[in-house]
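*Asks:* This one is model-v2.cif, mmCIF, C-alpha atoms.
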```
data_input
#
loop_
_atom_site.label_atom_id
_atom_site.label_comp_id
_atom_site.auth_asym_id
_atom_site.auth_seq_id
_atom_site.Cartn_x
_atom_site.Cartn_y
_atom_site.Cartn_z
CA MET A 1 13.81 -4.30 -4.12
CA LYS A 2 16.03 -1.93 -5.99
CA HIS A 3 16.48 -2.57 -9.68
CA ILE A 4 20.24 -3.00 -9.39
CA VAL A 5 19.61 -5.92 -7.05
CA LYS A 6 17.46 -7.62 -9.68
CA ILE A 7 20.19 -7.12 -12.28
CA ILE A 8 22.86 -8.48 -9.96
CA ALA A 9 20.68 -11.48 -9.16
CA LEU A 10 20.32 -12.14 -12.89
CA LEU A 11 24.10 -11.87 -13.37
CA VAL A 12 24.70 -14.24 -10.46
CA ALA A 13 22.27 -16.74 -11.96
CA ILE A 14 23.99 -16.55 -15.35
CA SER A 15 27.40 -16.88 -13.69
CA SER A 16 26.40 -19.98 -11.78
CA VAL A 17 25.12 -21.58 -14.99
CA TRP A 18 28.45 -20.73 -16.62
CA ILE A 19 30.48 -22.16 -13.71
CA GLY A 20 28.24 -25.21 -13.74
CA LEU A 21 28.97 -25.70 -17.41
CA LEU A 22 32.70 -25.35 -16.73
CA GLN A 23 32.55 -27.98 -14.04
CA ALA A 24 30.33 -30.42 -15.92
CA SER A 25 32.28 -30.28 -19.16
CA ILE A 26 29.22 -30.86 -21.32
CA ILE A 27 30.67 -28.38 -23.75
CA PRO A 28 34.43 -28.44 -24.40
CA ARG A 29 36.19 -26.21 -21.84
CA SER A 30 37.74 -23.90 -24.39
CA ASN A 31 34.28 -22.97 -25.73
CA THR A 32 32.82 -22.52 -22.28
CA TRP A 33 35.44 -19.97 -21.32
CA LEU A 34 34.42 -17.87 -24.26
CA LEU A 35 30.68 -17.96 -23.51
CA PRO A 36 30.58 -14.70 -21.53
CA ILE A 37 32.35 -12.94 -24.38
CA TYR A 38 29.77 -14.25 -26.82
CA LEU A 39 27.01 -13.10 -24.49
CA ILE A 40 28.43 -9.60 -24.31
CA ILE A 41 28.81 -9.46 -28.08
CA ILE A 42 25.21 -10.60 -28.55
CA LEU A 43 24.01 -7.97 -26.07
CA GLY A 44 26.01 -5.31 -27.88
CA CYS A 45 24.57 -6.31 -31.24
CA TYR A 46 21.08 -6.36 -29.82
CA GLY A 47 21.58 -2.87 -28.44
CA LEU A 48 22.88 -1.54 -31.75
CA LEU A 49 20.02 -3.21 -33.57
CA MET A 50 17.45 -1.58 -31.31
CA VAL A 51 19.09 1.82 -31.73
CA GLY A 52 19.23 1.35 -35.50
CA ILE A 53 15.61 0.28 -35.77
CA GLY A 54 14.55 3.12 -33.55
CA LEU A 55 16.47 5.59 -35.64
CA ILE A 56 14.93 4.35 -38.89
CA GLN A 57 11.48 4.42 -37.37
CA PHE A 58 12.00 7.77 -35.70
CA ARG A 59 8.81 9.67 -36.13
CA THR A 60 9.07 13.21 -37.41
CA CYS A 61 6.28 15.67 -37.88
CA PRO A 62 7.24 18.49 -40.24
CA HIS A 63 3.59 19.37 -40.82
CA GLU A 64 3.25 20.23 -37.15
CA VAL A 65 5.43 23.30 -37.59
CA ILE A 66 2.94 24.72 -40.10
CA LEU A 67 0.00 23.86 -37.88
CA LEU A 68 1.74 25.52 -34.97
CA GLN A 69 2.38 28.68 -36.97
CA GLN A 70 -1.30 28.80 -37.90
CA ASP A 71 -2.24 28.37 -34.25
CA VAL A 72 0.09 31.17 -33.25
CA ILE A 73 -1.48 33.54 -35.80
CA GLU A 74 -4.97 32.58 -34.69
CA ALA A 75 -4.04 33.08 -31.04
CA LYS A 76 -2.47 36.47 -31.64
CA GLU A 77 -5.50 37.69 -33.55
CA PHE A 78 -7.90 36.60 -30.85
CA LEU A 79 -5.84 37.98 -27.99
CA LYS A 80 -5.13 41.29 -29.70
CA ALA A 81 -8.84 41.79 -30.21
CA LYS A 82 -9.36 41.19 -26.51
CA GLY A 83 -6.74 43.67 -25.47
CA VAL A 84 -3.89 41.36 -24.59
CA ASP A 85 -0.51 42.73 -25.56
CA VAL A 86 0.97 40.23 -28.00
CA GLY A 87 3.05 42.67 -29.94
CA SER A 88 6.47 41.94 -28.53
CA ASP A 89 8.38 38.72 -27.95
CA MET B 1 -17.85 3.54 -16.21
CA PRO B 2 -17.13 7.24 -16.61
CA THR B 3 -20.21 9.33 -17.19
CA ALA B 4 -20.84 12.86 -18.28
CA SER B 5 -21.45 13.92 -14.69
CA ASP B 6 -18.10 12.40 -13.69
CA ALA B 7 -16.42 14.62 -16.23
CA GLU B 8 -18.17 17.60 -14.70
CA LYS B 9 -16.83 16.74 -11.27
CA ASN B 10 -13.24 16.61 -12.47
CA LYS B 11 -11.17 19.73 -12.08
CA TYR B 12 -7.92 20.07 -13.98
CA SER B 13 -5.14 22.33 -12.76
CA ILE B 14 -2.53 23.00 -15.40
CA ILE B 15 0.85 24.04 -14.05
CA VAL B 16 3.05 25.87 -16.55
CA PRO B 17 6.52 26.85 -15.36
CA THR B 18 7.72 29.80 -17.39
CA TYR B 19 11.04 31.53 -17.86
CA ASN B 20 11.04 34.53 -20.14
CA GLU B 21 8.01 33.25 -21.97
CA ARG B 22 5.96 36.39 -21.89
CA LEU B 23 4.42 35.97 -25.33
CA ASN B 24 4.26 32.19 -25.33
CA ILE B 25 2.31 32.08 -22.10
CA ALA B 26 -0.48 34.11 -23.67
CA LEU B 27 -0.55 31.78 -26.68
CA ILE B 28 -0.55 28.72 -24.44
CA VAL B 29 -3.45 30.01 -22.36
CA TYR B 30 -5.44 30.77 -25.50
CA LEU B 31 -4.82 27.28 -26.88
CA ILE B 32 -5.62 25.58 -23.58
CA PHE B 33 -9.02 27.21 -23.34
CA LYS B 34 -9.65 26.70 -27.03
CA HIS B 35 -9.23 22.95 -26.66
CA LEU B 36 -10.51 22.47 -23.12
CA GLY B 37 -13.36 24.93 -23.06
CA ASP B 38 -15.86 22.30 -21.93
CA PHE B 39 -13.82 21.20 -18.95
CA ASN B 40 -13.28 22.66 -15.51
CA VAL B 41 -9.78 24.04 -15.98
CA LYS B 42 -7.45 26.33 -14.10
CA VAL B 43 -4.10 27.44 -15.47
CA ILE B 44 -1.39 28.13 -12.91
CA VAL B 45 1.43 30.14 -14.41
CA MET B 46 4.63 29.77 -12.46
CA GLY B 47 6.06 33.19 -13.27
CA ASP B 48 9.75 33.77 -13.76
CA GLY B 49 11.97 36.03 -11.74
CA SER B 50 11.07 39.20 -13.64
CA PRO B 51 7.54 40.01 -12.54
CA ASP B 52 7.06 42.98 -14.85
CA GLY B 53 6.71 41.11 -18.10
CA THR B 54 4.78 38.04 -17.10
CA GLN B 55 2.62 39.75 -14.48
CA ASP B 56 1.20 42.24 -16.98
CA ILE B 57 0.37 39.59 -19.52
CA VAL B 58 -1.29 37.37 -16.94
CA LYS B 59 -3.39 40.27 -15.68
CA GLN B 60 -4.58 40.87 -19.22
CA LEU B 61 -5.32 37.17 -19.65
CA GLN B 62 -7.31 37.24 -16.43
CA GLN B 63 -9.47 39.96 -17.92
CA VAL B 64 -10.25 37.68 -20.82
CA TYR B 65 -10.62 34.33 -19.09
CA GLY B 66 -11.37 35.16 -15.48
CA GLU B 67 -9.22 35.42 -12.38
CA ASP B 68 -10.45 32.06 -11.20
CA ARG B 69 -9.17 30.35 -14.30
CA VAL B 70 -5.76 31.95 -14.80
CA LEU B 71 -3.41 32.36 -11.86
CA LEU B 72 0.10 33.66 -11.54
CA ARG B 73 2.41 32.38 -8.86
CA ALA B 74 5.97 33.41 -8.23
CA ARG B 75 8.32 30.70 -9.34
CA PRO B 76 11.19 30.24 -6.96
CA LYS B 77 14.21 31.28 -8.95
CA LYS B 78 17.10 28.89 -9.49
CA LEU B 79 15.35 26.14 -7.61
CA GLY B 80 14.63 22.75 -9.06
CA LEU B 81 11.65 21.58 -11.04
CA GLY B 82 10.44 19.65 -8.04
CA THR B 83 10.23 22.77 -5.94
CA ALA B 84 8.46 24.68 -8.71
CA TYR B 85 5.88 21.93 -9.05
CA LEU B 86 5.45 21.68 -5.28
CA HIS B 87 4.83 25.39 -5.18
CA GLY B 88 2.30 25.15 -8.00
CA LEU B 89 0.59 22.19 -6.36
CA LYS B 90 -0.31 24.30 -3.34
CA HIS B 91 -2.61 26.36 -5.53
CA ALA B 92 -3.94 23.46 -7.54
CA SER B 93 -7.47 22.92 -6.27
CA GLY B 94 -8.38 20.30 -8.85
CA ASN B 95 -8.22 16.54 -8.52
CA PHE B 96 -6.02 16.32 -11.60
CA VAL B 97 -2.82 18.17 -12.39
CA VAL B 98 -1.24 18.66 -15.80
CA ILE B 99 2.39 19.59 -16.20
CA MET B 100 3.56 21.09 -19.46
CA ASP B 101 6.26 23.31 -20.92
CA ALA B 102 5.61 26.92 -21.82
CA ASP B 103 7.61 27.16 -25.04
CA LEU B 104 4.91 25.67 -27.29
CA SER B 105 6.82 22.40 -27.72
CA HIS B 106 3.86 20.89 -25.84
CA HIS B 107 0.73 21.70 -27.78
CA PRO B 108 -2.46 22.02 -25.72
CA LYS B 109 -4.42 20.34 -28.51
CA TYR B 110 -3.34 17.01 -27.03
CA LEU B 111 -4.91 17.75 -23.66
CA PRO B 112 -8.33 16.30 -24.57
CA SER B 113 -6.63 13.03 -25.54
CA PHE B 114 -4.87 12.93 -22.17
CA ILE B 115 -8.16 13.42 -20.38
CA LYS B 116 -9.95 10.88 -22.56
CA LYS B 117 -7.27 8.27 -21.89
CA GLN B 118 -7.46 8.87 -18.18
CA THR B 119 -11.23 8.70 -18.08
CA GLU B 120 -11.28 5.51 -20.13
CA THR B 121 -8.60 3.66 -18.19
CA GLY B 122 -8.70 5.24 -14.75
CA ALA B 123 -4.93 5.67 -14.95
CA SER B 124 -3.03 7.52 -12.24
CA ILE B 125 -0.67 9.04 -14.77
CA VAL B 126 -1.05 9.75 -18.47
CA THR B 127 2.22 10.67 -20.11
CA GLY B 128 2.79 12.03 -23.58
CA THR B 129 5.18 10.02 -25.71
CA ARG B 130 6.95 11.22 -28.81
CA TYR B 131 8.14 7.80 -29.81
CA VAL B 132 5.01 5.91 -30.83
CA ASN B 133 2.74 6.00 -33.85
CA GLY B 134 0.91 9.28 -33.97
CA GLY B 135 3.68 11.01 -32.12
CA GLY B 136 6.88 12.58 -33.37
CA VAL B 137 9.54 15.21 -33.07
CA HIS B 138 10.46 18.08 -35.33
CA GLY B 139 13.63 20.12 -35.14
CA TRP B 140 16.17 17.44 -34.29
CA ASN B 141 19.12 16.59 -36.49
CA LEU B 142 20.49 13.08 -36.96
CA MET B 143 22.96 13.35 -34.08
CA ARG B 144 20.24 14.42 -31.69
CA LYS B 145 17.94 11.61 -32.81
CA LEU B 146 20.78 9.13 -32.39
CA THR B 147 21.59 10.19 -28.84
CA SER B 148 17.91 10.27 -27.97
CA ARG B 149 17.37 6.78 -29.32
CA GLY B 150 20.55 5.40 -27.74
CA ALA B 151 19.66 6.92 -24.39
CA ASN B 152 16.19 5.45 -24.63
CA VAL B 153 17.40 1.93 -25.44
CA LEU B 154 19.86 2.08 -22.56
CA ALA B 155 17.23 3.29 -20.13
CA GLN B 156 14.64 0.76 -21.27
CA THR B 157 17.10 -2.14 -20.96
CA LEU B 158 18.51 -1.14 -17.61
CA LEU B 159 15.45 0.23 -15.88
CA GLN B 160 12.33 -1.36 -17.42
CA PRO B 161 10.51 1.87 -16.65
CA GLY B 162 7.01 1.18 -17.90
CA ALA B 163 6.90 4.08 -20.34
CA SER B 164 8.36 4.64 -23.80
CA ASP B 165 9.24 8.33 -23.37
CA LEU B 166 11.01 8.72 -20.05
CA ALA B 167 12.24 12.26 -20.25
CA GLY B 168 8.98 13.74 -21.44
CA SER B 169 7.41 16.42 -19.29
CA PHE B 170 3.94 16.60 -20.79
CA ARG B 171 1.88 14.65 -18.26
CA LEU B 172 -1.45 14.38 -16.52
CA TYR B 173 -1.39 13.17 -12.91
CA LYS B 174 -3.98 12.43 -10.31
CA LYS B 175 -3.19 15.10 -7.78
CA TYR B 176 -2.39 12.82 -4.84
CA VAL B 177 -0.12 10.74 -7.08
CA LEU B 178 1.87 13.81 -8.11
CA GLU B 179 2.20 14.87 -4.48
CA ASP B 180 3.43 11.44 -3.50
CA LEU B 181 5.97 11.27 -6.31
CA ILE B 182 7.35 14.77 -5.88
CA HIS B 183 8.17 14.04 -2.29
CA SER B 184 10.06 10.92 -3.34
CA CYS B 185 12.11 12.43 -6.17
CA VAL B 186 15.27 14.48 -5.77
CA SER B 187 16.84 14.75 -9.23
CA LYS B 188 17.05 17.84 -11.39
CA GLY B 189 16.07 18.66 -14.94
CA TYR B 190 15.04 15.88 -17.27
CA VAL B 191 16.43 13.22 -14.91
CA PHE B 192 13.73 14.44 -12.53
CA GLN B 193 11.10 13.57 -15.14
CA MET B 194 12.67 10.16 -15.57
CA GLU B 195 12.79 9.59 -11.84
CA MET B 196 9.10 10.48 -11.54
CA ILE B 197 8.01 7.88 -14.07
CA VAL B 198 10.35 5.16 -12.83
CA ARG B 199 9.27 5.65 -9.21
CA ALA B 200 5.64 5.69 -10.31
CA SER B 201 6.19 2.40 -12.09
CA ARG B 202 7.90 0.84 -9.07
CA LYS B 203 5.10 1.98 -6.78
CA GLY B 204 2.62 0.26 -9.02
CA TYR B 205 0.77 3.35 -10.25
CA HIS B 206 -1.22 2.77 -13.41
CA ILE B 207 0.57 4.61 -16.22
CA GLU B 208 -0.89 5.15 -19.69
CA GLU B 209 0.60 6.89 -22.72
CA VAL B 210 -0.78 9.02 -25.52
CA PRO B 211 1.15 10.04 -28.64
CA ILE B 212 2.18 13.68 -28.84
CA THR B 213 4.16 15.68 -31.35
CA PHE B 214 7.01 17.82 -30.11
CA VAL B 215 8.14 20.84 -32.10
CA ASP B 216 11.53 21.78 -30.71
CA ARG B 217 12.24 25.41 -31.50
CA VAL B 218 14.84 25.71 -28.77
CA TYR B 219 17.21 22.92 -29.73
CA GLY B 220 19.10 24.86 -32.34
CA SER B 221 20.44 27.16 -29.67
CA SER B 222 21.69 24.49 -27.32
CA LYS B 223 24.09 21.70 -28.04
CA LEU B 224 24.06 18.22 -26.61
CA GLY B 225 27.60 18.00 -25.30
CA GLY B 226 29.69 15.48 -23.46
CA SER B 227 28.75 16.88 -20.07
CA GLU B 228 25.05 16.31 -20.79
CA ILE B 229 25.77 12.69 -21.64
CA VAL B 230 27.73 12.28 -18.40
CA GLU B 231 24.84 13.79 -16.45
CA TYR B 232 22.46 11.39 -18.12
CA LEU B 233 24.59 8.36 -17.30
CA LYS B 234 24.95 9.53 -13.72
CA GLY B 235 21.18 9.86 -13.57
CA LEU B 236 20.73 6.32 -14.91
CA VAL B 237 23.12 4.88 -12.34
CA TYR B 238 21.35 6.80 -9.58
CA LEU B 239 18.00 5.42 -10.70
CA LEU B 240 19.42 1.90 -10.94
CA PHE B 241 20.52 2.01 -7.33
CA THR B 242 17.63 3.83 -5.75
CA THR B 243 14.50 2.58 -7.52
#
```
Would you give me this structure, written as structure tokens?
*Replies:*
Amino acid sequence: MKHIVKIIALLVAISSVWIGLLQASIIPRSNTWLLPIYLIIILGCYGLLMVGIGLIQFRTCPHEVILLQQDVIEAKEFLKAKGVDVGSD
Amino acid sequence: MPTASDAEKNKYSIIVPTYNERLNIALIVYLIFKHLGDFNVKVIVMGDGSPDGTQDIVKQLQQVYGEDRVLLRARPKKLGLGTAYLHGLKHASGNFVVIMDADLSHHPKYLPSFIKKQTETGASIVTGTRYVNGGGVHGWNLMRKLTSRGANVLAQTLLQPGASDLAGSFRLYKKYVLEDLIHSCVSKGYVFQMEMIVRASRKGYHIEEVPITFVDRVYGSSKLGGSEIVEYLKGLVYLLFTT
């Protein structure tokens, strides 16, 4: 099934739990009404956290530039010797 | 268990779409054969619209490496990636196909690790990822990293794609898997790459990842603007509804 269908099914399930809670009054009504808001806030925070962690852990490779330059020089030398025109860009 | 004779039976066709990469294509071919000399490899250069530059260089490369190992094919101009790959596939006689960029952001030195991963796991697709240990990116400023990371978190949450680097285009495919996927995908640009991996995941293809480093020498000249972000979101919504 398409992924959107799975997401909608999940939302429907969560909604029915929420409506059930509203009906059953286990939690005071005023709190229950706010539950979806809390859920959205938690989701938002989770998202920001994941982005933040990812940003801090973002892997960079400055040494690769140097390695690449060396490879380029090596390649040009080899190819020039074999008659390949590597003079111009 | 993979054996040495299995490795000998495998033929790898490497499709490199180029656009004004006359010098880089020569460097790429050199590096490919430097790192994959022991394997049965054919490089298919999808030439750009100006045959003069690329054609000459490829002819010279054929003198060095052999006409059976370096091929030039006309790349349909202004047509999508999918069409370019389809075109290249027709000339790919191997059982494995590698897709990579021609601007040296994808370094051929990672190709042996792709092959090793595939041989060890029997995976249908091995995709290079910049976002795990051993991988990395150079040439991105903070803003670029932020958008990349944000886009990734969004895509992972919404799509559960089965790969950490969705928009990457450095990949090894079993040939029949690539053919199957190309016929199922319709997007353009990097969304096409995302669609390929998501569809592969939905179809149950075995996907493995290897870390790669990505040296972006092009980024400085292009900006990531609002329209790109809109395109990306549109792509995500499309994938949500169709995969």
*Asks:* Counting only C-alpha atoms, which residue out of B:Glu231, B:Asp180, B:Asp216, B:Asp101 sits closest to Met46 of chain B?
*Replies:*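 Nearest to Met46 of chain B: B:Asp101.
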*Asks:* Kindly assemble as JSON lines a list of the segment 57-156 of chain B residues that lie within 10 Å of segment 14-34 of chain B, each paired with its nearest atom pair and their distance in Å to one decimal, using all atoms listed in the file, sorted first by chain and then by ascending residue number.
*Replies:*
```
{"residue": "B:Ile57", "atom": "CA", "partner": "B:Arg22", "partner_atom": "CA", "distance": 6.9}
{"residue": "B:Val58", "atom": "CA", "partner": "B:Ala26", "partner_atom": "CA", "distance": 7.5}
{"residue": "B:Gln60", "atom": "CA", "partner": "B:Ala26", "partner_atom": "CA", "distance": 9.1}
{"residue": "B:Leu61", "atom": "CA", "partner": "B:Ala26", "partner_atom": "CA", "distance": 7.0}
{"residue": "B:Val64", "atom": "CA", "partner": "B:Tyr30", "partner_atom": "CA", "distance": 9.6}
{"residue": "B:Tyr65", "atom": "CA", "partner": "B:Phe33", "partner_atom": "CA", "distance": 8.4}
{"residue": "B:Arg69", "atom": "CA", "partner": "B:Phe33", "partner_atom": "CA", "distance": 9.6}
{"residue": "B:Val70", "atom": "CA", "partner": "B:Val29", "partner_atom": "CA", "distance": 8.1}
{"residue": "B:Leu71", "atom": "CA", "partner": "B:Ile15", "partner_atom": "CA", "distance": 9.6}
{"residue": "B:Leu72", "atom": "CA", "partner": "B:Val16", "partner_atom": "CA", "distance": 9.7}
{"residue": "B:Arg73", "atom": "CA", "partner": "B:Pro17", "partner_atom": "CA", "distance": 9.5}
{"residue": "B:Ala74", "atom": "CA", "partner": "B:Pro17", "partner_atom": "CA", "distance": 9.7}
{"residue": "B:Arg75", "atom": "CA", "partner": "B:Pro17", "partner_atom": "CA", "distance": 7.4}
{"residue": "B:Lys77", "atom": "CA", "partner": "B:Tyr19", "partner_atom": "CA", "distance": 9.5}
{"residue": "B:Leu81", "atom": "CA", "partner": "B:Pro17", "partner_atom": "CA", "distance": 8.5}
{"residue": "B:Ala84", "atom": "CA", "partner": "B:Pro17", "partner_atom": "CA", "distance": 7.3}
{"residue": "B:Tyr85", "atom": "CA", "partner": "B:Ile15", "partner_atom": "CA", "distance": 7.4}
{"residue": "B:His87", "atom": "CA", "partner": "B:Ile15", "partner_atom": "CA", "distance": 9.8}
{"residue": "B:Gly88", "atom": "CA", "partner": "B:Ile15", "partner_atom": "CA", "distance": 6.3}
{"residue": "B:Leu89", "atom": "CA", "partner": "B:Ile15", "partner_atom": "CA", "distance": 7.9}
{"residue": "B:His91", "atom": "CA", "partner": "B:Ile15", "partner_atom": "CA", "distance": 9.5}
{"residue": "B:Ala92", "atom": "CA", "partner": "B:Ile14", "partner_atom": "CA", "distance": 8.0}
{"residue": "B:Gly94", "atom": "CA", "partner": "B:Ile14", "partner_atom": "CA", "distance": 9.2}
{"residue": "B:Phe96", "atom": "CA", "partner": "B:Ile14", "partner_atom": "CA", "distance": 8.4}
{"residue": "B:Val97", "atom": "CA", "partner": "B:Ile14", "partner_atom": "CA", "distance": 5.7}
{"residue": "B:Val98", "atom": "CA", "partner": "B:Ile14", "partner_atom": "CA", "distance": 4.5}
{"residue": "B:Ile99", "atom": "CA", "partner": "B:Ile15", "partner_atom": "CA", "distance": 5.2}
{"residue": "B:Met100", "atom": "CA", "partner": "B:Val16", "partner_atom": "CA", "distance": 5.6}
{"residue": "B:Asp101", "atom": "CA", "partner": "B:Val16", "partner_atom": "CA", "distance": 6.0}
{"residue": "B:Ala102", "atom": "CA", "partner": "B:Thr18", "partner_atom": "CA", "distance": 5.7}
{"residue": "B:Asp103", "atom": "CA", "partner": "B:Asn24", "partner_atom": "CA", "distance": 6.1}
{"residue": "B:Leu104", "atom": "CA", "partner": "B:Asn24", "partner_atom": "CA", "distance": 6.8}
{"residue": "B:His106", "atom": "CA", "partner": "B:Ile28", "partner_atom": "CA", "distance": 9.1}
{"residue": "B:His107", "atom": "CA", "partner": "B:Ile28", "partner_atom": "CA", "distance": 7.9}
{"residue": "B:Pro108", "atom": "CA", "partner": "B:Ile32", "partner_atom": "CA", "distance": 5.2}
{"residue": "B:Lys109", "atom": "CA", "partner": "B:Leu31", "partner_atom": "CA", "distance": 7.1}
{"residue": "B:Tyr110", "atom": "CA", "partner": "B:Ile32", "partner_atom": "CA", "distance": 9.5}
{"residue": "B:Leu111", "atom": "CA", "partner": "B:Ile32", "partner_atom": "CA", "distance": 7.9}
{"residue": "B:Pro112", "atom": "CA", "partner": "B:Ile32", "partner_atom": "CA", "distance": 9.7}
```
*Asks:* Would you save the residues from that selection as a CSV table (one decimal), in the frame of the given file, using C-alpha atoms?
*Replies:*
```csv
chain,number,residue,atom,x,y,z
B,57,ILE,CA,0.4,39.6,-19.5
B,58,VAL,CA,-1.3,37.4,-16.9
B,60,GLN,CA,-4.6,40.9,-19.2
B,61,LEU,CA,-5.3,37.2,-19.6
B,64,VAL,CA,-10.2,37.7,-20.8
B,65,TYR,CA,-10.6,34.3,-19.1
B,69,ARG,CA,-9.2,30.4,-14.3
B,70,VAL,CA,-5.8,32.0,-14.8
B,71,LEU,CA,-3.4,32.4,-11.9
B,72,LEU,CA,0.1,33.7,-11.5
B,73,ARG,CA,2.4,32.4,-8.9
B,74,ALA,CA,6.0,33.4,-8.2
B,75,ARG,CA,8.3,30.7,-9.3
B,77,LYS,CA,14.2,31.3,-9.0
B,81,LEU,CA,11.6,21.6,-11.0
B,84,ALA,CA,8.5,24.7,-8.7
B,85,TYR,CA,5.9,21.9,-9.0
B,87,HIS,CA,4.8,25.4,-5.2
B,88,GLY,CA,2.3,25.2,-8.0
B,89,LEU,CA,0.6,22.2,-6.4
B,91,HIS,CA,-2.6,26.4,-5.5
B,92,ALA,CA,-3.9,23.5,-7.5
B,94,GLY,CA,-8.4,20.3,-8.8
B,96,PHE,CA,-6.0,16.3,-11.6
B,97,VAL,CA,-2.8,18.2,-12.4
B,98,VAL,CA,-1.2,18.7,-15.8
B,99,ILE,CA,2.4,19.6,-16.2
B,100,MET,CA,3.6,21.1,-19.5
B,101,ASP,CA,6.3,23.3,-20.9
B,102,ALA,CA,5.6,26.9,-21.8
B,103,ASP,CA,7.6,27.2,-25.0
B,104,LEU,CA,4.9,25.7,-27.3
B,106,HIS,CA,3.9,20.9,-25.8
B,107,HIS,CA,0.7,21.7,-27.8
B,108,PRO,CA,-2.5,22.0,-25.7
B,109,LYS,CA,-4.4,20.3,-28.5
B,110,TYR,CA,-3.3,17.0,-27.0
B,111,LEU,CA,-4.9,17.8,-23.7
B,112,PRO,CA,-8.3,16.3,-24.6
```
*Asks:* For the provided coordinates, the residues matched by the PyMOL selection byres ((chain B and resi 211) around 8) should be stated as a VMD selection string.
*Replies:* chain B and resid 128 to 136 209 to 210 212 to 213
*Asks:* Calculate how many Å separate atom CA of Lys174 of chain B from atom CA of Ala123 of chain B, rounding to one decimal.
*Replies:*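 Between these atoms lies a distance of 8.3 Å.
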*Asks:* On this file, the PyMOL selection byres ((chain A) within 10 of (chain B)) gives some set of residues; write that set as a VMD selection string.
*Replies:* chain A and resid 1 to 7 47 to 65 68 71 to 76 78 to 79 82 to 89
*Asks:* What is the atom CA of Trp18 of chain A-atom CA of Ile42 of chain A distance in Å, reported with one decimal?
*Replies:*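 Taking atom CA of Trp18 of chain A and atom CA of Ile42 of chain A, their separation equals 16.0 Å.
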*Asks:* Please compute the atom CA of Arg171 of chain B-atom CA of Ser113 of chain B distance, one decimal, in Å.
*Replies:*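 According to the coordinates, atom CA of Arg171 of chain B and atom CA of Ser113 of chain B are separated by 11.3 Å.
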*Asks:* Do you know which residues the PyMOL selection byres ((chain B and resi 126) around 6) returns on this file, as a list in words?
*Replies:*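 On the file shown, the PyMOL selection byres ((chain B and resi 126) around 6) covers Ile125, Thr127, Arg171, Leu172, Ile207, Glu208 and Glu209 of chain B.
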*Asks:* With all atoms listed in the file as the basis for distance, which of B:Lys90, B:Lys234, B:Arg144, B:Lys117 is at the shortest distance from His206 of chain B?
*Replies:* B:Lys117
*Asks:* In the coordinates of the file, take the point (8.2, 3.7, -17.8) and a cut-off of 6 Å; then, counting all atoms listed in the file, name each qualifying protein, DNA or RNA residue as a PyMOL selection string.
*Replies:* chain B and resi 161-163+197-198
*Asks:* Put a box with edges along x, y and z around all the listed atoms of segment 178-192 of chain B, pad it by 6 Å on each side, then give me its centre and sizes in Å, one decimal, as JSON.
*Replies:*
```
{"center_x": 9.5, "center_y": 14.8, "center_z": -9.8, "size_x": 27.2, "size_y": 19.7, "size_z": 27.0}
```
*Asks:* For the point (8.9, 17.9, 0.6) in file coordinates, what residues are within 8 Å, counting all atoms listed in the file? Give the answer as a list of chain:residue names?
*Replies:*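 In the file's frame, the residues around the point are B:Leu86, B:Ile182, B:His183.
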*Asks:* Could you please take those selected residues and save C-alpha atoms as a PDB file, in the frame of the given file?
*Replies:*
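This went into part_12.pdb:
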```pdb
ATOM      1  CA  LEU B  86       5.450  21.680  -5.280  1.00  0.00           C
ATOM      2  CA  ILE B 182       7.350  14.770  -5.880  1.00  0.00           C
ATOM      3  CA  HIS B 183       8.170  14.040  -2.290  1.00  0.00           C
TER       4      HIS B 183
END
```
*Asks:* Would you mind telling me which residue in B:Ser227, B:Gly189, B:Val177, B:Thr83 lies nearest to Gly204 of chain B when using all atoms listed in the file?
*Replies:*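 Smallest distance to Gly204 of chain B is found for B:Val177.
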*Asks:* Hey, which of B:Lys9, B:Leu236, B:Gln193, B:Gly47 ends up closest to Gln156 of chain B? Count only C-alpha atoms.
*Replies:*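 Between B:Lys9, B:Leu236, B:Gln193, B:Gly47, the residue approaching Gln156 of chain B most closely is B:Leu236.
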